[in-house]
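Reading through the structure tokens given below for one structure.
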Amino acid sequence: MISQFFVLSQRGDNIVFRDYRGDIQKGSAEIFFRKVKFWKEDGETEAPPVFNVDGVNYFHVKVVGLLFVATTRANVSPSLVLELLQRIARVTKDYLGILNEDSIRKNFVLVYELLDEVIDFGYVQTTSTEVLKSSVFNEPIMVDSAHMPPLGPAALFMQGNKRMPGTAVTKSVVANEPGGRKREEIFVDIIEKISVTFSSSGYILTSEIDGTIQMKSYLSGNPEIRLALNEDLNIGRGGRSVYDYGGSSGSGAVILDDCNFHESVHLDSFDVDRTLTLVPPDGEFPVMNYRMTQEFKPPFRINTLIEEAGSLKAEVILKIRAEFPQNITANTVVIQMPVPTYTSRVSFELEPGAVGQVTDFKESNKKLEWGLKKIVGGSEHTLRAKLTFSHESHGNITKEAGPVSMTFTIPMYNCSRLQVKYLQIAKKSKTYNPYRWVRYVTQANSYVARI
């Protein structure tokens, strides 16, 4: 049970506000934003997703720069409310096509209609896009995606050498194409977030993959779909190693620790031939979530060396090597490394001919930052940083610096080697042949190398 729901912009502007029960003061949105913006409790600089102020519980999630917030005085399950906020964001995106401040403001009547159907007097009714279609009648006003900032990896749907039309991931599930037609197509994403910790000598201490198979359907008539995964897929630890250097195209068994499926998925033939059968509901939804903790080949190797160069100087050498095939390119790579707190100045030296690389010294939190626009598979990049200290170090500089952390996105690559072998759609007629788009994306969740 929630009392209020509101959406705030990054500036703290109230874009949407709905008070369901009237038992919380009207200025709650401003109280929340001030608390989040100037959070300094528990030694943290970022507010947790759930906190309490003057007897009011505030729950929030950040989605594409917008804050989705719920308040209540009741003792409710935090995970339930956070999941509700994520689902409201997903349903809103399904209807508007693009989720941002501009699209919500232009479609505020539709958004309020959705909220009234999703929540009644603070109680959740439904968050299913398909169910809502029968009771929500406002048409979305489409925002031109040409004026949107680049979608980055989200726009890199590919099928062979064909590239997906740029507007496909920004389409509403209820609006038709110009001319009243509806383009028959379906999108499947295999998104993996990887967590790896390296020791100072380069050995892997921990490694984990959190993956999901996302689907978004624009098929009319909701036809049945058969989605086939690797035949040698095993669920549960089998005691075997899957340390295979073939990357996403390698052979060998794929062993997942555990997985769960969407309620629409039928598993009748899954144990026999690893095929999932489903009738996809409208909107975006996770077909399958999975987790893998056995060893896999990490996409990057990080080598760090720190050498003292006198009493008030030191040199840091950072080397990054891409361990994936040459036909794969990683995007938006950022490497960060904390340096000793008494570092006063840093000068950087990049490789000769380096293109698309930026360096920065964040003096407020004493961190080096190295950004690379893209890294091609098999390549190696080096950064040298000369540190100047405000006073002499009396300890081990290596212990006062690091660890090195890394964020990246690698389209069309996955570490687990889980693959969609085929996507079969029940035919309505001989000429029925909808577009099928499948992409793989690997992202860093926590990619850390100790020094």
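Order determines the names: the first chain of the structure tokens is A, the second B, and so forth; residues in each chain are numbered 1 upward, and ligands are numbered 1 upward as they are shown.
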Write out as a PyMOL selection string the residues lying within 7 Å of region 400-409 of chain A, counting only C-alpha atoms and excluding same-chain residues fewer than 2 positions away. chain A and resi 330-340+396-398+411+441-444+447-451
Preceding selection exported with N, CA and C atoms as a PDB file, in the first residue's frame:
ATOM      1  N   ALA A 330      34.243  -2.910 -28.141  1.00  0.00           N
ATOM      2  CA  ALA A 330      33.642  -2.444 -26.883  1.00  0.00           C
ATOM      3  C   ALA A 330      33.439  -0.931 -26.961  1.00  0.00           C
ATOM      4  N   ASN A 331      32.323  -0.449 -26.385  1.00  0.00           N
ATOM      5  CA  ASN A 331      31.999   0.985 -26.404  1.00  0.00           C
ATOM      6  C   ASN A 331      32.059   1.570 -25.003  1.00  0.00           C
ATOM      7  N   THR A 332      32.164   2.901 -24.972  1.00  0.00           N
ATOM      8  CA  THR A 332      32.074   3.689 -23.728  1.00  0.00           C
ATOM      9  C   THR A 332      32.824   3.025 -22.567  1.00  0.00           C
ATOM     10  N   VAL A 333      34.117   2.834 -22.754  1.00  0.00           N
ATOM     11  CA  VAL A 333      34.958   2.212 -21.726  1.00  0.00           C
ATOM     12  C   VAL A 333      35.490   3.310 -20.805  1.00  0.00           C
ATOM     13  N   VAL A 334      35.315   3.128 -19.497  1.00  0.00           N
ATOM     14  CA  VAL A 334      35.824   4.090 -18.512  1.00  0.00           C
ATOM     15  C   VAL A 334      36.582   3.327 -17.437  1.00  0.00           C
ATOM     16  N   ILE A 335      37.841   3.735 -17.184  1.00  0.00           N
ATOM     17  CA  ILE A 335      38.662   3.116 -16.138  1.00  0.00           C
ATOM     18  C   ILE A 335      38.908   4.164 -15.067  1.00  0.00           C
ATOM     19  N   GLN A 336      38.707   3.791 -13.808  1.00  0.00           N
ATOM     20  CA  GLN A 336      38.942   4.702 -12.683  1.00  0.00           C
ATOM     21  C   GLN A 336      39.915   4.074 -11.699  1.00  0.00           C
ATOM     22  N   MET A 337      40.750   4.925 -11.083  1.00  0.00           N
ATOM     23  CA  MET A 337      41.704   4.436 -10.092  1.00  0.00           C
ATOM     24  C   MET A 337      41.909   5.491  -9.007  1.00  0.00           C
ATOM     25  N   PRO A 338      41.552   5.179  -7.760  1.00  0.00           N
ATOM     26  CA  PRO A 338      41.840   6.106  -6.659  1.00  0.00           C
ATOM     27  C   PRO A 338      43.345   6.212  -6.428  1.00  0.00           C
ATOM     28  N   VAL A 339      43.829   7.430  -6.147  1.00  0.00           N
ATOM     29  CA  VAL A 339      45.250   7.656  -5.865  1.00  0.00           C
ATOM     30  C   VAL A 339      45.385   8.147  -4.426  1.00  0.00           C
ATOM     31  N   PRO A 340      46.601   8.177  -3.874  1.00  0.00           N
ATOM     32  CA  PRO A 340      46.763   8.651  -2.484  1.00  0.00           C
ATOM     33  C   PRO A 340      46.112  10.009  -2.266  1.00  0.00           C
ATOM     34  N   ASN A 396      53.453   2.678   2.152  1.00  0.00           N
ATOM     35  CA  ASN A 396      53.541   2.035   0.837  1.00  0.00           C
ATOM     36  C   ASN A 396      52.496   2.670  -0.080  1.00  0.00           C
ATOM     37  N   ILE A 397      52.951   3.301  -1.150  1.00  0.00           N
ATOM     38  CA  ILE A 397      52.028   3.994  -2.062  1.00  0.00           C
ATOM     39  C   ILE A 397      51.023   3.013  -2.658  1.00  0.00           C
ATOM     40  N   THR A 398      51.474   1.798  -2.953  1.00  0.00           N
ATOM     41  CA  THR A 398      50.594   0.784  -3.564  1.00  0.00           C
ATOM     42  C   THR A 398      49.384   0.495  -2.686  1.00  0.00           C
ATOM     43  N   PRO A 411      28.670  -4.759 -27.456  1.00  0.00           N
ATOM     44  CA  PRO A 411      27.556  -5.292 -28.248  1.00  0.00           C
ATOM     45  C   PRO A 411      27.974  -6.558 -28.992  1.00  0.00           C
ATOM     46  N   VAL A 441      24.452  -8.304 -25.594  1.00  0.00           N
ATOM     47  CA  VAL A 441      25.148  -7.169 -24.987  1.00  0.00           C
ATOM     48  C   VAL A 441      25.768  -7.618 -23.671  1.00  0.00           C
ATOM     49  N   THR A 442      27.046  -7.298 -23.492  1.00  0.00           N
ATOM     50  CA  THR A 442      27.734  -7.557 -22.216  1.00  0.00           C
ATOM     51  C   THR A 442      28.083  -6.228 -21.583  1.00  0.00           C
ATOM     52  N   GLN A 443      27.743  -6.081 -20.308  1.00  0.00           N
ATOM     53  CA  GLN A 443      28.043  -4.854 -19.577  1.00  0.00           C
ATOM     54  C   GLN A 443      28.770  -5.183 -18.291  1.00  0.00           C
ATOM     55  N   ALA A 444      29.568  -4.227 -17.809  1.00  0.00           N
ATOM     56  CA  ALA A 444      30.279  -4.409 -16.538  1.00  0.00           C
ATOM     57  C   ALA A 444      29.352  -4.042 -15.396  1.00  0.00           C
ATOM     58  N   TYR A 447      33.680  -4.581 -12.155  1.00  0.00           N
ATOM     59  CA  TYR A 447      34.885  -5.117 -12.817  1.00  0.00           C
ATOM     60  C   TYR A 447      36.084  -4.452 -12.142  1.00  0.00           C
ATOM     61  N   VAL A 448      36.733  -5.171 -11.233  1.00  0.00           N
ATOM     62  CA  VAL A 448      37.724  -4.569 -10.341  1.00  0.00           C
ATOM     63  C   VAL A 448      39.028  -5.354 -10.350  1.00  0.00           C
ATOM     64  N   ALA A 449      40.154  -4.630 -10.401  1.00  0.00           N
ATOM     65  CA  ALA A 449      41.483  -5.240 -10.316  1.00  0.00           C
ATOM     66  C   ALA A 449      42.234  -4.635  -9.145  1.00  0.00           C
ATOM     67  N   ARG A 450      42.660  -5.492  -8.219  1.00  0.00           N
ATOM     68  CA  ARG A 450      43.436  -4.989  -7.079  1.00  0.00           C
ATOM     69  C   ARG A 450      44.878  -4.717  -7.511  1.00  0.00           C
ATOM     70  N   ILE A 451      45.510  -3.803  -6.790  1.00  0.00           N
ATOM     71  CA  ILE A 451      46.889  -3.418  -7.133  1.00  0.00           C
ATOM     72  C   ILE A 451      47.883  -4.185  -6.257  1.00  0.00           C
TER      73      ILE A 451
END
Residues at most 9 Å from region 264-274 of chain A, counting only C-alpha atoms, excluding those fewer than 2 positions away in the same chain, as a PyMOL selection string? chain A and resi 227-233+261-262+276-281+287-288
Could the residues in this selection be saved with C-alpha atoms as a PDB file, in the first residue's frame?
ATOM      1  CA  LEU A 227      12.745 -19.893 -28.826  1.00  0.00           C
ATOM      2  CA  ALA A 228      15.563 -22.477 -28.878  1.00  0.00           C
ATOM      3  CA  LEU A 229      18.683 -22.177 -26.702  1.00  0.00           C
ATOM      4  CA  ASN A 230      21.944 -24.190 -26.759  1.00  0.00           C
ATOM      5  CA  GLU A 231      21.212 -27.912 -26.780  1.00  0.00           C
ATOM      6  CA  ASP A 232      24.132 -28.510 -24.384  1.00  0.00           C
ATOM      7  CA  LEU A 233      22.721 -26.058 -21.825  1.00  0.00           C
ATOM      8  CA  PHE A 261      11.180 -17.894 -16.399  1.00  0.00           C
ATOM      9  CA  HIS A 262       8.349 -15.481 -17.168  1.00  0.00           C
ATOM     10  CA  LEU A 276      10.908 -22.342 -24.754  1.00  0.00           C
ATOM     11  CA  THR A 277       7.335 -21.953 -26.010  1.00  0.00           C
ATOM     12  CA  LEU A 278       5.392 -18.769 -25.226  1.00  0.00           C
ATOM     13  CA  VAL A 279       2.682 -16.405 -26.369  1.00  0.00           C
ATOM     14  CA  PRO A 280       4.375 -13.045 -25.740  1.00  0.00           C
ATOM     15  CA  PRO A 281       2.333 -10.417 -23.897  1.00  0.00           C
ATOM     16  CA  VAL A 287      11.654 -14.295 -20.831  1.00  0.00           C
ATOM     17  CA  MET A 288      14.366 -15.790 -18.623  1.00  0.00           C
TER      18      MET A 288
END
Just want the 6 Å neighbourhood of Thr212 (chain A), counted on only C-alpha atoms, with same-chain residues fewer than 3 positions away dropped. Output as a ChimeraX atom specification. /A:190-191,288-289
Might you pull out every residue within 6 Å of Leu372 (chain A), with only C-alpha atoms counted and same-chain residues fewer than 2 positions away left off, and present them as a ChimeraX atom specification? /A:333,356-357,374
Limited to N, CA, C and O atoms, could you put the picked residues into a file as a CSV table (one decimal), in the first residue's frame?
chain,number,residue,atom,x,y,z
A,333,VAL,N,34.1,2.8,-22.8
A,333,VAL,CA,35.0,2.2,-21.7
A,333,VAL,C,35.5,3.3,-20.8
A,333,VAL,O,36.0,4.3,-21.3
A,356,GLY,N,40.2,9.3,-29.6
A,356,GLY,CA,38.9,9.0,-28.9
A,356,GLY,C,39.2,8.6,-27.4
A,356,GLY,O,38.4,7.9,-26.8
A,357,GLN,N,40.3,9.1,-26.8
A,357,GLN,CA,40.6,8.9,-25.4
A,357,GLN,C,40.7,10.2,-24.7
A,357,GLN,O,41.2,11.2,-25.2
A,374,LYS,N,36.1,3.6,-27.9
A,374,LYS,CA,35.9,2.2,-28.3
A,374,LYS,C,37.2,1.5,-28.2
A,374,LYS,O,38.3,2.1,-28.3
Surrounding residues of Val76 (chain A) excluding itself and chain neighbours under 5 positions, 10 Å, only C-alpha atoms, as a ChimeraX atom specification: /A:1-2,57,81
Put those residues in a file: N, CA and C atoms, as a PDB file, in the first residue's frame.
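After the write, out13.pdb holds the following:
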ATOM      1  N   MET A   1       0.845  -1.193   0.000  1.00  0.00           N
ATOM      2  CA  MET A   1       0.000   0.000   0.000  1.00  0.00           C
ATOM      3  C   MET A   1       0.880   1.243   0.000  1.00  0.00           C
ATOM      4  N   ILE A   2       0.702   2.115  -0.986  1.00  0.00           N
ATOM      5  CA  ILE A   2       1.479   3.351  -1.027  1.00  0.00           C
ATOM      6  C   ILE A   2       0.542   4.551  -0.925  1.00  0.00           C
ATOM      7  N   ASN A  57       8.160   6.711   4.820  1.00  0.00           N
ATOM      8  CA  ASN A  57       9.100   5.872   4.074  1.00  0.00           C
ATOM      9  C   ASN A  57       9.132   6.322   2.616  1.00  0.00           C
ATOM     10  N   VAL A  81       7.693  -2.594  -3.361  1.00  0.00           N
ATOM     11  CA  VAL A  81       7.491  -1.229  -3.855  1.00  0.00           C
ATOM     12  C   VAL A  81       8.520  -0.887  -4.935  1.00  0.00           C
TER      13      VAL A  81
END
Find the residues near Gly22 (chain A): any atom within 10 Å, counting only C-alpha atoms, skip ones fewer than 6 places away on the same chain, and give them as a compact mmCIF listing (two decimals) with N, CA, C and O atoms, in the first residue's frame.
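For reference, part_5.txt as written:
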# COMPACT_ATOMS: atom_id res chain seq x y z
N SER A 3 1.08 5.67 -0.45
CA SER A 3 0.27 6.88 -0.27
C SER A 3 0.39 7.82 -1.45
O SER A 3 -0.58 8.42 -1.90
N GLN A 4 1.63 7.99 -1.95
CA GLN A 4 1.86 8.92 -3.06
C GLN A 4 2.78 8.27 -4.09
O GLN A 4 3.58 7.39 -3.76
N PHE A 121 -6.37 3.69 -4.83
CA PHE A 121 -6.32 4.00 -3.40
C PHE A 121 -5.05 3.42 -2.74
O PHE A 121 -5.07 2.93 -1.61
Write out as JSON lines a residue-level contact list of region 295-346 of chain A versus region 414-436 of chain A with cut-off 10 Å: for each qualifying residue the closest pair of atoms and the distance in Å to one decimal, counting only C-alpha atoms, rows sorted by chain and residue number upward.
{"residue": "A:Glu295", "atom": "CA", "partner": "A:Ser416", "partner_atom": "CA", "distance": 9.4}
{"residue": "A:Phe296", "atom": "CA", "partner": "A:Cys415", "partner_atom": "CA", "distance": 6.6}
{"residue": "A:Lys297", "atom": "CA", "partner": "A:Cys415", "partner_atom": "CA", "distance": 6.8}
{"residue": "A:Pro298", "atom": "CA", "partner": "A:Cys415", "partner_atom": "CA", "distance": 7.3}
{"residue": "A:Pro299", "atom": "CA", "partner": "A:Cys415", "partner_atom": "CA", "distance": 7.6}
{"residue": "A:Phe324", "atom": "CA", "partner": "A:Cys415", "partner_atom": "CA", "distance": 9.5}
Distance in Å - CA of Phe6 (chain A) versus CA of Glu117 (chain A):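 Rounded to one decimal, the two atoms are 15.4 Å apart.
Minimum atom-to-atom distance to Cys259 (chain A), evaluated using only C-alpha atoms, belongs to A:Ile209 out of A:Met215, A:Ala309, A:Ile209, A:Val7.
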Would you kindly return, as a list of chain:residue names, each protein, DNA or RNA residue with an atom no farther than 7 Å from any atom of Leu219 (chain A), considering only C-alpha atoms and excluding same-chain residues fewer than 3 positions away?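 Near Leu219 (chain A), the qualifying residues are A:Glu184, A:Glu185, A:Ile186, A:Asn222.
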